[in-house]
Structure formats: C-alpha cells, structure tokens
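Visitor: One structure is given below, represented as structure tokens, and several questions about it will come after.
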Amino acid sequence: LMWFSFPGSGQDHFVDLALIVFSGSLCLVGNFMMERSARSDFLQQRLLEIRQQDLEASNAYLQLLLRTDALTGIANRRYFDQRLQEEFRRAERGDYPLALLMIDIDCFKPFNDTYGHQAGDEALSRVAGVLATFARRPGDMAARYGGEEFALILPGSREHDAKVIADELVATVQGQGFPHGASHVADCVTISVGAASVLPGQEDCDEVRLIARADQALYEAKTTGRNRAVSWSQLAT
C-alpha cells in the first residue's frame with residue numbers, strides 16, 4: 001500500500017496500513033479469546049460429564065453393595081424382601097404363578113464346630129455359588145436369607161416345576177462333594193429345600209404367606225431326613 005499510487009501522501013498510506021494492521025490484530029486477538037473461551041467451556045463441560053459419570057458409577061456400586069451379601073456375593077435379605085414384594089405384585093398384574101424355594105445347609109453348626117468358621121464361610125460361598133446358577137431367567141433371584149439359610153425366587157413357576165428345580169438343586173450341592181465329616185446325613189455338605197408356589201390375585205395369599213409355606217415345606221424336609229426337597233402341597237397328602 002505504501003508503494004501503490006493511491007491518492008494521498010505516503011504518510012496517509014502509512015496511517016491506513018497501521019489501521020489495517022491494528023484492525024487485523026484486534027480481530028486475531030478477539031478470535032483467540034473467543035476460541036479460548038469456547039475450549040475452556042468445552043473442557044469444563046467434559047469435566048462435569050466425567051464427574052457425573054463417576055458419581056453415577058459410585059452410586060451404582062453403592063447400590064450393589066447395599067443389595068449384595070458381602071460373604072456370598074448373592075442378594076442379601078433386605079434386597080430379597082424388596083424383590084419378592086416386587087415380583088409378587090408383578091405376578092399379580094400378569095396373572096402368573098410365583099414360586100419360592102427356601103434352602104438350609106444340613107448340620108451346619110457341627111460343620112463350623114469341626115472345621116472352623118473360615119471353612120464354614122467357604123461352605124456358605126460354595127452353596128451360594130451353586131444356588132446362583134439356578135437363577136437362570138431374568139426374574140429369578142438367589143439370596144442369602146440369613147445364617148446358613150438361602151432363598152430362590154422363581155417367577156412364572158408352578159409348584160411342580162419348583163419341586164423339580166429343588167430336587168436338582170439338592171443333587172447338585174451333594175455332587176460338589178464338599179467334605180462334611182460331622183454330618184449324620186452324608187459325608188459331604190448337603191441341603192434341605194422347601195418349595196411353594198402361589199397364583200397372586202387368585203389366592204388369598206401374600207408374600208409373607210408364601211414364605212411361610214416354603215418354610216413349612218423346608219421344616220418337613222429337615223425333619224424327615226434332610227438332603228431332600230419337599231413341596232408345600234405334599235404336607236397335605
């Protein structure tokens with residue numbers, strides 16, 4: 001611009017050039033600040049998203065801890081009560097049966113007295129591991145009910161089907177061959193199972209009564225020799 005033959009003096013040209021350079025520099029600085037602000041906002045947004053994801057993951061892990069039995073890794077009693085109530089209401093709306101198995105490890109106190117509590121914990125974990133493999137469908141759930149007692153929720157199963165599963169469960173646990181020299185039932189760890197099933201909405205029954213029926217069947221299995229499964233309907237025959 002200094003050397004082109006535009007109207008005006010060289011000084012005028014120099015002022016025009018200085019204005020152009022200043023304007024260009026101002027635009028560059030403005031663009032830089034805008035881009036810097038946009039990048040900063042983007043990074044802040046990403047940090048917030050990452051923190052939100054971490055918070056959600058932490059909450060999910062906390063919920064898992066609250067639902068899980070620390071020793072066995074299956075559902076705890078609190079979550080069992082919640083899920084049984086939910087499944088009962090769902091079965092009532094869907095008009096399908098709901099079955100429950102109550103499981104007890106045979107002669108568990110003599111096992112602890114003979115082998116120690118660490119071996120007792122291992123026995124509980126092994127039985128829970130077997131039980132978890134029987135929760136095969138999306139609605140099924142294995143849980144530690146308390147002490148050496150476990151439970152298995154089986155939505156959509158009638159009592160005959162639940163009894164078949166219970167018999168298979170008894171045979172599978174015995175087949176593990178986990179030694180139990182203090183048992184008067186067998187030379188390995190065994191279980192007794194009580195099975196019951198109701199049709200919510202068509203029977204005068206709730207989840208508390210379902211547990212009571214399965215418990216009665218479990219008591220019958222324990223008093224008639226253990227290492228077996230008994231269904232609630234068998235009590236009346």
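Identifiers in this document derive from the order of the structure tokens: chains are assigned A, B, ..., residues are numbered from 1 separately in each chain, and ligands are numbered from 1 in order of occurrence.
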Would you please extract all alpha helix (DSSP H) residues from stretch 3-237 of chain A, as assigned by DSSP on the backbone, and give them as a PyMOL selection string?
Guide: chain A and resi 10-67+77-94+108-115+117-132+159-175+207-223
Visitor: Residues within 12 Å of A:Ala70, please, as a list of chain:residue names. Count only C-alpha atoms; anything in the same chain fewer than 4 positions from it doesn't count.
Guide: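 What passes the distance filter is A:Leu64, A:Leu65, A:Leu66, A:Ile74, A:Ala75, A:Asn76, A:Arg77, A:Asp121, A:Leu124, A:Ser125, A:Ala128, A:Ala143, A:Arg144.
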Visitor: Restricting the calculation to only C-alpha atoms: of A:Pro200, A:Pro97, A:Gly225, A:Gly194, which residue gets closest to A:Val164?
Guide: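 Using only C-alpha atoms, A:Val164 sits closest to A:Gly194.
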Visitor: Where in stretch 122-160 of chain A does DSSP assign strand (DSSP E), given as a PyMOL selection string?
Guide: chain A and resi 141-146+149-155
Visitor: Using only C-alpha atoms, which residue out of A:Leu48, A:Ala186, A:Ile103, A:Ala196 lies closest to A:Val127?
Guide: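 Among the listed residues, the smallest separation from A:Val127 belongs to A:Ile103.
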Visitor: May I ask which of the residues A:Glu92, A:Asp113, A:Asp104, A:Glu56 is the closest one to A:Asp215, counting only C-alpha atoms?
Guide: A:Asp104
Visitor: If we count only C-alpha atoms, what is near stretch 230-234 of chain A at a cut-off of 9 Å, once residues fewer than 3 positions away on the same chain are taken out, given as an MDAnalysis selection string?
Guide: chainID A and resid 101 159:160 162:163 166:167 192:197 213:221 237
Visitor: From the options A:Ala57, A:Ala123, A:Leu199, A:Val15, which residue's atoms come nearest to A:Cys107, counting only C-alpha atoms?
Guide: A:Ala123
Visitor: List as number ranges by chain the protein and nucleic acid residues near A:Gly181, meaning an atom at most 9 Å away when only C-alpha atoms are counted, but skip any in the same chain fewer than 5 places from it.
Guide: A: 111, 114, 186-189
Visitor: Filtering to N, CA, C and O atoms, could you give me those residues as an mmCIF file, in the first residue's frame?
Guide:
```cif
data_model
loop_
_atom_site.group_PDB
_atom_site.id
_atom_site.type_symbol
_atom_site.label_atom_id
_atom_site.label_comp_id
_atom_site.auth_asym_id
_atom_site.auth_seq_id
_atom_site.Cartn_x
_atom_site.Cartn_y
_atom_site.Cartn_z
ATOM 1 N N PHE A 111 -20.606 -78.532 61.418
ATOM 2 C CA PHE A 111 -19.560 -78.245 60.439
ATOM 3 C C PHE A 111 -18.648 -77.139 60.948
ATOM 4 O O PHE A 111 -17.413 -77.255 60.904
ATOM 5 N N THR A 114 -16.484 -78.310 63.811
ATOM 6 C CA THR A 114 -15.443 -79.264 63.422
ATOM 7 C C THR A 114 -14.343 -78.612 62.587
ATOM 8 O O THR A 114 -13.148 -78.836 62.835
ATOM 9 N N ALA A 186 -24.749 -87.265 55.383
ATOM 10 C CA ALA A 186 -23.858 -87.752 54.331
ATOM 11 C C ALA A 186 -22.445 -87.340 54.702
ATOM 12 O O ALA A 186 -22.222 -86.613 55.675
ATOM 13 N N ASP A 187 -21.471 -87.814 53.911
ATOM 14 C CA ASP A 187 -20.076 -87.467 54.193
ATOM 15 C C ASP A 187 -19.655 -86.176 53.498
ATOM 16 O O ASP A 187 -18.473 -85.864 53.423
ATOM 17 N N CYS A 188 -20.637 -85.456 52.955
ATOM 18 C CA CYS A 188 -20.351 -84.181 52.303
ATOM 19 C C CYS A 188 -21.469 -83.193 52.642
ATOM 20 O O CYS A 188 -22.490 -83.559 53.235
ATOM 21 N N VAL A 189 -21.260 -81.944 52.278
ATOM 22 C CA VAL A 189 -22.255 -80.908 52.551
ATOM 23 C C VAL A 189 -23.513 -81.176 51.729
ATOM 24 O O VAL A 189 -23.452 -81.405 50.520
#
```
Visitor: May I ask for the distance between atom CA of A:Arg67 and atom CA of A:Tyr79, given in Å to one decimal place?
Guide: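 Those two atoms sit 5.2 Å apart.
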